[in-house]
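Visitor: Contents of target19.tsv (TSV, C-alpha atoms) are given next:
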```
chain	number	residue	atom	x	y	z
A	1	MET	CA	-126.24	-29.66	-177.88
A	2	ASN	CA	-123.33	-31.82	-176.87
A	3	TRP	CA	-120.48	-32.68	-179.24
A	4	GLN	CA	-122.09	-35.90	-180.49
A	5	GLU	CA	-125.36	-34.12	-181.32
A	6	GLN	CA	-123.53	-31.28	-183.07
A	7	LYS	CA	-121.47	-33.75	-185.09
A	8	LYS	CA	-124.56	-35.74	-186.10
A	9	TRP	CA	-126.24	-32.51	-187.25
A	10	SER	CA	-123.27	-31.31	-189.32
A	11	ASP	CA	-122.53	-34.80	-190.72
A	12	ALA	CA	-125.91	-34.70	-192.45
A	13	TYR	CA	-124.31	-32.19	-194.86
A	14	LEU	CA	-121.36	-34.45	-195.75
A	15	PRO	CA	-122.92	-35.91	-198.94
A	16	GLU	CA	-123.47	-32.38	-200.31
A	17	ILE	CA	-119.98	-31.29	-199.20
A	18	LYS	CA	-118.40	-34.32	-200.91
A	19	THR	CA	-120.24	-33.48	-204.13
A	20	ILE	CA	-118.86	-29.92	-204.06
A	21	LEU	CA	-115.32	-31.07	-203.17
A	22	GLY	CA	-115.37	-33.51	-206.08
A	23	LEU	CA	-115.76	-30.59	-208.48
A	24	TYR	CA	-112.49	-29.07	-207.24
A	25	LEU	CA	-110.36	-32.00	-206.06
A	26	ILE	CA	-111.04	-34.45	-208.92
A	27	GLY	CA	-109.96	-33.55	-212.43
A	28	GLU	CA	-110.44	-34.98	-215.91
A	29	ALA	CA	-107.61	-37.09	-217.30
A	30	THR	CA	-105.72	-35.98	-220.38
A	31	GLN	CA	-106.59	-37.56	-223.72
A	32	GLU	CA	-103.34	-39.53	-223.55
A	33	GLU	CA	-104.16	-40.86	-220.06
A	34	ASP	CA	-107.61	-41.85	-221.26
A	35	ALA	CA	-106.32	-43.57	-224.39
A	36	THR	CA	-103.33	-45.36	-222.87
A	37	HIS	CA	-104.05	-45.88	-219.17
A	38	ASN	CA	-107.82	-46.45	-218.95
A	39	THR	CA	-108.22	-43.20	-217.00
A	40	ASP	CA	-111.08	-40.74	-217.17
A	41	LEU	CA	-110.74	-38.94	-213.83
A	42	VAL	CA	-107.76	-38.23	-211.62
A	43	VAL	CA	-107.57	-37.21	-208.00
A	44	VAL	CA	-105.51	-34.05	-207.68
A	45	THR	CA	-103.04	-35.83	-205.37
A	46	MET	CA	-102.43	-39.38	-204.25
A	47	ALA	CA	-101.29	-38.41	-200.77
A	48	ALA	CA	-103.81	-38.12	-197.95
A	49	VAL	CA	-105.72	-34.88	-198.25
A	50	ARG	CA	-107.20	-33.66	-194.97
A	51	ILE	CA	-110.25	-31.44	-195.17
A	52	ALA	CA	-111.74	-29.70	-192.15
A	53	CYS	CA	-115.50	-29.15	-192.55
A	54	ARG	CA	-117.65	-26.67	-190.68
A	55	VAL	CA	-121.31	-25.93	-191.27
A	56	ARG	CA	-123.07	-23.04	-189.57
A	57	ARG	CA	-126.76	-23.17	-188.74
A	58	PRO	CA	-129.44	-21.53	-190.89
A	59	GLY	CA	-129.66	-17.76	-190.58
A	60	TYR	CA	-125.96	-16.99	-190.15
A	61	ALA	CA	-125.12	-16.56	-193.85
A	62	GLU	CA	-127.17	-13.39	-194.18
A	63	LYS	CA	-125.37	-11.68	-191.31
A	64	TYR	CA	-121.94	-13.34	-191.42
A	65	GLY	CA	-121.55	-14.43	-195.04
A	66	ASP	CA	-118.15	-12.79	-195.47
A	67	GLU	CA	-116.75	-14.24	-192.27
A	68	PHE	CA	-115.53	-17.63	-191.14
A	69	THR	CA	-114.84	-18.76	-187.61
A	70	ILE	CA	-112.41	-21.29	-186.19
A	71	ARG	CA	-112.76	-22.75	-182.70
A	72	SER	CA	-109.94	-21.29	-180.60
A	73	GLN	CA	-110.75	-22.14	-176.98
A	74	LEU	CA	-112.49	-24.94	-175.12
A	75	ALA	CA	-113.29	-24.97	-171.40
A	76	THR	CA	-111.95	-28.53	-171.26
A	77	GLY	CA	-108.52	-27.32	-172.36
A	78	SER	CA	-108.57	-29.74	-175.31
A	79	LYS	CA	-106.68	-28.81	-178.44
A	80	THR	CA	-108.80	-26.61	-180.71
A	81	GLU	CA	-109.20	-26.49	-184.48
A	82	LEU	CA	-107.12	-23.31	-184.61
A	83	ALA	CA	-104.24	-24.95	-182.74
A	84	LYS	CA	-104.39	-27.99	-185.03
A	85	ILE	CA	-104.41	-25.81	-188.15
A	86	ILE	CA	-101.42	-23.76	-186.97
A	87	GLU	CA	-99.56	-26.99	-186.11
A	88	GLY	CA	-99.92	-27.92	-189.78
A	89	TRP	CA	-102.91	-30.28	-189.68
A	90	GLY	CA	-105.47	-30.01	-192.44
A	91	ASP	CA	-104.85	-29.19	-196.08
A	92	TYR	CA	-108.18	-27.60	-196.88
A	93	MET	CA	-111.15	-26.20	-195.03
A	94	PHE	CA	-114.73	-26.39	-196.23
A	95	TYR	CA	-116.86	-23.73	-194.57
A	96	GLY	CA	-120.58	-23.81	-195.27
A	97	HIS	CA	-123.82	-22.16	-194.24
A	98	ALA	CA	-126.91	-24.35	-193.88
A	99	GLY	CA	-130.21	-23.27	-195.32
A	100	GLU	CA	-133.68	-24.73	-195.28
A	101	SER	CA	-132.73	-27.37	-197.86
A	102	GLY	CA	-128.97	-27.77	-198.08
A	103	LEU	CA	-126.06	-25.39	-198.15
A	104	THR	CA	-126.84	-21.81	-199.18
A	105	ALA	CA	-123.26	-20.54	-199.17
A	106	TRP	CA	-119.84	-22.15	-198.86
A	107	ALA	CA	-116.11	-21.72	-199.38
A	108	LEU	CA	-113.33	-24.20	-200.08
A	109	CYS	CA	-110.10	-22.79	-198.68
A	110	ASP	CA	-106.42	-23.74	-198.81
A	111	LEU	CA	-105.00	-23.72	-195.28
A	112	LYS	CA	-101.36	-23.18	-196.34
A	113	PRO	CA	-101.90	-19.50	-197.22
A	114	PHE	CA	-103.95	-19.08	-194.03
A	115	ARG	CA	-101.08	-20.42	-191.88
A	116	LEU	CA	-98.59	-18.09	-193.54
A	117	TRP	CA	-100.96	-15.11	-193.14
A	118	PHE	CA	-101.66	-16.05	-189.51
A	119	ASN	CA	-97.98	-16.36	-188.56
A	120	ARG	CA	-97.06	-13.12	-190.30
A	121	LYS	CA	-99.85	-11.29	-188.45
A	122	MET	CA	-98.66	-12.71	-185.12
A	123	ALA	CA	-95.06	-11.69	-185.83
A	124	LYS	CA	-96.12	-8.20	-186.89
A	125	ASN	CA	-98.36	-7.76	-183.81
A	126	GLY	CA	-95.95	-8.94	-181.12
A	127	GLY	CA	-97.44	-12.42	-180.75
A	128	LYS	CA	-101.07	-11.29	-180.56
A	129	VAL	CA	-103.37	-13.91	-182.10
A	130	PRO	CA	-105.23	-12.44	-185.09
A	131	GLY	CA	-108.98	-12.59	-185.39
A	132	ILE	CA	-111.93	-11.29	-183.41
A	133	ILE	CA	-112.89	-13.39	-180.38
A	134	LYS	CA	-116.48	-14.67	-180.47
A	135	HIS	CA	-117.92	-16.53	-177.48
A	136	ASN	CA	-120.34	-19.36	-178.08
A	137	GLN	CA	-123.73	-19.42	-176.37
A	138	ASP	CA	-122.64	-22.41	-174.29
A	139	GLY	CA	-120.17	-20.19	-172.42
A	140	GLU	CA	-117.48	-22.84	-172.79
A	141	THR	CA	-116.32	-22.38	-176.37
A	142	SER	CA	-114.69	-19.44	-178.13
A	143	PHE	CA	-113.94	-18.86	-181.78
A	144	ARG	CA	-111.77	-16.48	-183.77
A	145	ALA	CA	-113.62	-14.74	-186.58
A	146	TYR	CA	-111.85	-13.81	-189.81
A	147	ASN	CA	-113.08	-11.99	-192.90
A	148	PHE	CA	-112.67	-13.75	-196.24
A	149	ASN	CA	-111.79	-10.39	-197.80
A	150	ASP	CA	-108.76	-10.01	-195.49
A	151	MET	CA	-107.23	-13.32	-196.56
A	152	PRO	CA	-104.54	-13.84	-199.22
A	153	THR	CA	-105.88	-14.25	-202.75
A	154	ASP	CA	-104.79	-17.91	-202.90
A	155	PHE	CA	-106.71	-18.81	-199.72
A	156	ILE	CA	-110.10	-19.23	-201.43
A	157	ILE	CA	-110.14	-22.01	-204.02
A	158	ALA	CA	-113.87	-21.78	-204.74
A	159	ARG	CA	-116.78	-20.00	-203.16
A	160	LYS	CA	-120.55	-19.76	-203.46
A	161	LYS	CA	-122.14	-16.67	-201.91
A	162	ILE	CA	-125.83	-16.25	-201.13
```
Go ahead and render the structure in this file as structure tokens.
Guide:
Amino acid sequence: MNWQEQKKWSDAYLPEIKTILGLYLIGEATQEEDATHNTDLVVVTMAAVRIACRVRRPGYAEKYGDEFTIRSQLATGSKTELAKIIEGWGDYMFYGHAGESGLTAWALCDLKPFRLWFNRKMAKNGGKVPGIIKHNQDGETSFRAYNFNDMPTDFIIARKKI
């Protein structure tokens, strides 16, 4: 599939992703806020919050449920998701696994702890990029695979396993 087809496929999961994100990024107002400011719900922050979303196809959760991948190389030479994350773009990452009828597993992750972990690993390993290289079937895209269990404790905000 080309990029547009892939995007159309993954965008079909956006309503479900938004429902999940609302549980963690929207909070209930205090009693005082409710009584004095006509407020029942509050968004965690008023600044722009950037959330990267990735959904893997059905069947991957059973084999790779404890792993997440980030695109790290494109044959076109375009900037990848990993480069953008390390540059500081994106506040959160939503990583989901598609099932027959919706998402079977997912994780909401804070990218700040990931960046710190990533840079420390690179410094410790003489500039070597952490993660296991995985080549896509198209032969033009590569990813870096990381294990959720290797990440800092504050990386995962919420998670649903299969």
Visitor: Calculate how many Å separate atom CA of Pro113 of chain A from atom CA of Asp154 of chain A, rounding to one decimal.
Guide: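 It comes out at 6.6 Å.
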Visitor: How many Å separate atom CA of Pro58 of chain A from atom CA of Ala158 of chain A?
Guide: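 Interatomic distance, atom CA of Pro58 of chain A to atom CA of Ala158 of chain A: 20.8 Å.
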Visitor: Could you check which of A:Pro152, A:Gly22, A:Pro15, A:Gly59 is closest to Ala105 of chain A, using only C-alpha atoms?
Guide: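 Of the candidates, the smallest distance to Ala105 of chain A is held by A:Gly59.
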Visitor: Name the closest residue to Ser72 of chain A among the candidates A:Gly139, A:Gly131, A:Gly102, A:Gly96; distances are taken between atoms, counting all atoms listed in the file.
Guide: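 Nearest to Ser72 of chain A: A:Gly131.
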Visitor: Closest to Lys8 of chain A among A:Ala107, A:Thr153, A:Val43, A:Val55, using all atoms listed in the file?
Guide: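 So, comparing all the options, the nearest one is A:Val55.
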Visitor: My list of candidates is A:Phe68, A:Asp110, A:Trp3, A:Ile157. Which is closest to Leu23 of chain A when distances are computed with all atoms listed in the file?
Guide: A:Ile157
Visitor: One decimal, in Å: what's the spacing between atom CA of Leu74 of chain A and atom CA of Pro130 of chain A?
Guide: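 For atom CA of Leu74 of chain A relative to atom CA of Pro130 of chain A, the distance reads 17.6 Å.
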Visitor: Considering only C-alpha atoms, can you say which of A:Lys63, A:Arg115, A:Arg71, A:Arg57 comes closest to Ile85 of chain A?
Guide: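 The answer is A:Arg115, which sits nearest to Ile85 of chain A.
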Visitor: Got a sec: who's within 12 Å of Thr141 of chain A, counting all atoms listed in the file, leaving out chain neighbours fewer than 3 positions off, as number ranges by chain?
Guide: A: 2-3, 69-81, 133-138, 144
